[in-house]
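Read the structure below first, then the notes.
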Amino acid sequence: MQRMIGYFSPDIEQLMGFAALLAVCLCMSLLGGAISARRRLYELDVVAGWSFVSLSYVVAGGWIRLDFRLITGALLIALAVAAYVQLKRPRPIASIDLGRTLILALPIIWLAACMTLSQWDEFTHWMPNARYLIEHHTLPGKGNPPSTSGLPGYPYGLAYVVYLSSMLAGVLAENATPVFSVILLASLAVLVGRVIQIAMARAPAGQQTPASGNLTGNIGWLYCAIGALAVTALNPTFVPKIVFTSYADTPTAVLVGALCVVLWLLLNGLAQKNDEPSLSLAWTYGLVAMAAVSVKQPNIALFGLVTIGGFLVAIRDPNISLARFIRLLPAMATPPITIYLAWRLHISANEVTGEFQFLPRADWLTDQIFVVINRMALIASKKGGYFAVMVIACLIAARAFWRIRSPLDRLSIIVAVLFVGYNLFLLFLYV
């Protein structure tokens, strides 16, 4: 019995890592709130701050090759300025709803805090990448010590969070990423709860559903709980052995889901000829996309697919001005493209190897394409819950593409383009 209890009780180092991660998230939330637009989704402040931190380390650590401790010191100064800016604003500095959702998620957070490394990729590159930052306070590159990671050229978005948590705790915070993944899920839960609240709202007779929605107000305990259930127990892709690891799969899923919701809210605002919240949401979209691109190499494709889905909605929806949508694209696309190019420049200038690359054209498995398709179909058949939901979304999108009648139609088109496009992208990668 004592051994069983021990499995679900963090030791002192895990508690230190857990506390440090919470402090890091609070700091990133303050930073994110300061750089976000006034009319913002407060639950995404931590993501916005994470984007800022990632870009700082890539540019200052990758291009200029500054010691990470100097960059961290500069971030602390920026944090003080951000806190001052936040306190001077006549608005809340944090999301009450995110606090409610974190309280509801306390059992899952506790379990995440108890996690140790267990999966193959955690040992081959996810934790070695973070450990390299902690030991050398710089990114791998020309003239720096060699890395033990199998993929030292992979993006370090999650490694920065582990680095900051470990520096604060004084020990390697192995449980930082699992806890951070749950906090990100809580942020998405608030977003999902907000979507459900908007969907349940009734517009006055003869008017369109108020789908630009409640962007800055609180959604309350009920919708926080519904959102939390939607991203955990009712989510067919919620797999604890993946969520409670250092893998980037859960952060990627959260960020891509947030992109879809933010873009949907943006398009709804344009449909109602309300440009002010749409501009704020465009900047939020860009910051979330920047975080996504900093996490995994293929995520630039996911950002592109979601954006294409929004572009198709703007083309097909008679209530949306395509010109207005195009004017928002710079705010939406500049942050993710900036960090992507910054990382590519670092890789090139510092001769970093060890990342996923395309094979030479002669080695492509074009003669095995139908074998790959059959294998993908077999795997899909074993994940019926997820694929059933996505097929329904695609069917709604197919009807909506000819005539958009409601906000749900807009969301279905975004989701369908992402789903179909990414599976075709995977087929291309496998071949």
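Chains: A, B, ... in order of the structure tokens. Residues: from 1 per chain. Ligands: from 1, in order shown.
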(message) Run DSSP on the backbone and tell me which residues of region 30-176 of chain A come out as alpha helix (DSSP H); list them as a ChimeraX atom specification.
(response) /A:30-35,45-56,68-88,96-104,106-113,120-121,127-136,157-169,176
Quick one: which region 61-123 of chain A residues come within 12 Å of region 158-166 of chain A, and what is the nearest atom pair for each with the distance in Å to one decimal, counting only C-alpha atoms, rows ordered by chain and ascending number, as a tab-separated table?
residue	atom	partner	partner_atom	distance
A:Gly61	CA	A:Tyr160	CA	11.3
A:Phe68	CA	A:Tyr163	CA	9.6
A:Arg69	CA	A:Leu164	CA	9.9
A:Ile71	CA	A:Leu164	CA	11.1
A:Thr72	CA	A:Leu164	CA	8.2
A:Gly73	CA	A:Leu164	CA	11.3
A:Leu75	CA	A:Leu164	CA	10.9
A:Leu76	CA	A:Leu164	CA	11.3
A:Glu122	CA	A:Ala159	CA	11.5
Keeping only N, CA and C atoms, write the selected residues as a CSV table (one decimal), in the first residue's frame.
chain,number,residue,atom,x,y,z
A,61,GLY,N,20.0,34.0,-28.2
A,61,GLY,CA,20.8,32.9,-28.0
A,61,GLY,C,21.3,32.2,-29.2
A,68,PHE,N,22.6,32.2,-22.0
A,68,PHE,CA,21.2,32.2,-21.6
A,68,PHE,C,20.9,32.9,-20.3
A,69,ARG,N,21.9,32.9,-19.4
A,69,ARG,CA,21.7,33.6,-18.1
A,69,ARG,C,21.5,35.1,-18.3
A,71,ILE,N,20.2,36.4,-21.0
A,71,ILE,CA,18.9,36.5,-21.6
A,71,ILE,C,17.8,36.4,-20.5
A,72,THR,N,18.0,35.5,-19.6
A,72,THR,CA,17.1,35.3,-18.5
A,72,THR,C,17.0,36.6,-17.7
A,73,GLY,N,18.2,37.2,-17.4
A,73,GLY,CA,18.2,38.5,-16.7
A,73,GLY,C,17.4,39.6,-17.4
A,75,LEU,N,15.0,39.0,-19.5
A,75,LEU,CA,13.6,38.7,-19.4
A,75,LEU,C,13.0,39.1,-18.0
A,76,LEU,N,13.8,39.0,-17.0
A,76,LEU,CA,13.3,39.4,-15.6
A,76,LEU,C,13.1,40.9,-15.6
A,122,GLU,N,11.5,10.7,-24.8
A,122,GLU,CA,12.0,11.5,-23.7
A,122,GLU,C,13.5,11.4,-23.4
(message) Quick one: residues within 12 Å of Leu265 (chain A), only C-alpha atoms, excluding same-chain residues fewer than 5 positions away - as an NGL selection string?
(response) :A and (40-41 or 191-192 or 194-195 or 198-199 or 210-215 or 258-260 or 270-272 or 274-275 or 277-282 or 284-285 or 310 or 407-408 or 410-411 or 414)
Could the residues in this selection be written to a file with C-alpha atoms, as an mmCIF file, in the first residue's frame?
data_model
loop_
_atom_site.group_PDB
_atom_site.id
_atom_site.type_symbol
_atom_site.label_atom_id
_atom_site.label_comp_id
_atom_site.auth_asym_id
_atom_site.auth_seq_id
_atom_site.Cartn_x
_atom_site.Cartn_y
_atom_site.Cartn_z
ATOM 1 C CA ARG A 40 -7.754 39.686 -25.501
ATOM 2 C CA LEU A 41 -8.519 36.153 -24.451
ATOM 3 C CA LEU A 191 -11.590 28.473 -24.742
ATOM 4 C CA VAL A 192 -13.819 25.469 -25.411
ATOM 5 C CA ARG A 194 -16.327 29.990 -24.191
ATOM 6 C CA VAL A 195 -17.248 28.448 -27.563
ATOM 7 C CA ILE A 198 -21.451 31.339 -27.423
ATOM 8 C CA ALA A 199 -23.178 28.424 -29.154
ATOM 9 C CA PRO A 210 -23.773 36.759 -31.273
ATOM 10 C CA ALA A 211 -20.863 34.551 -32.263
ATOM 11 C CA SER A 212 -18.093 37.103 -31.831
ATOM 12 C CA GLY A 213 -18.981 36.277 -28.308
ATOM 13 C CA ASN A 214 -17.809 37.006 -24.832
ATOM 14 C CA LEU A 215 -14.095 37.655 -25.337
ATOM 15 C CA ALA A 258 -6.558 27.345 -29.844
ATOM 16 C CA LEU A 259 -5.669 28.534 -33.349
ATOM 17 C CA CYS A 260 -8.925 27.093 -34.700
ATOM 18 C CA LEU A 270 -15.699 40.101 -39.380
ATOM 19 C CA ALA A 271 -19.092 38.661 -40.293
ATOM 20 C CA GLN A 272 -20.680 41.106 -37.854
ATOM 21 C CA ASN A 274 -16.820 44.352 -35.957
ATOM 22 C CA ASP A 275 -13.176 45.054 -36.775
ATOM 23 C CA PRO A 277 -11.989 42.561 -31.685
ATOM 24 C CA SER A 278 -10.951 40.960 -34.970
ATOM 25 C CA LEU A 279 -7.694 42.933 -35.012
ATOM 26 C CA SER A 280 -7.006 41.949 -31.411
ATOM 27 C CA LEU A 281 -7.738 38.320 -32.224
ATOM 28 C CA ALA A 282 -5.444 38.471 -35.262
ATOM 29 C CA THR A 284 -3.506 36.698 -30.529
ATOM 30 C CA TYR A 285 -3.622 34.213 -33.402
ATOM 31 C CA GLY A 310 -9.937 30.682 -42.573
ATOM 32 C CA PRO A 407 -20.957 30.154 -37.208
ATOM 33 C CA LEU A 408 -20.835 26.353 -36.900
ATOM 34 C CA ARG A 410 -17.331 28.418 -40.444
ATOM 35 C CA LEU A 411 -15.764 26.279 -37.726
ATOM 36 C CA ILE A 414 -11.561 25.302 -40.651
#
(request) Can you pull out every residue within 7 Å of Trp126 (chain A), counting only C-alpha atoms, but drop anything in the same chain fewer than 4 positions away, and send it as a ChimeraX atom specification? (result) /A:121-122,130,246-247
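Taking CA of Thr138 (chain A) and CA of Arg65 (chain A) as the two end points, the separation is 7.2 Å.
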(message) Which residue is closest to Trp120 (chain A)? Choose from A:Leu378, A:Met200, A:Cys394, A:Ile242 and count only C-alpha atoms.
(response)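 Answer, going by the shortest atom-to-atom distance: A:Ile242.
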(message) For a quick check of understanding, using only C-alpha atoms, which of A:Ala362, A:Ile315, A:Ile134, A:Ala34 has the smallest distance to Val171 (chain A)?
(response) A:Ile134
(request) Quick one: pull the distance between CA of Ile183 (chain A) and CA of Ser118 (chain A), Å, one decimal. (result)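 Distance between the two atoms: 20.6 Å.
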(request) Point out the residue among A:Thr250, A:Ala173, A:Met167, A:Asp67 with the least atom-to-atom distance to Ile12 (chain A), counting only C-alpha atoms. (result)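 Using only C-alpha atoms, Ile12 (chain A) sits closest to A:Ala173.
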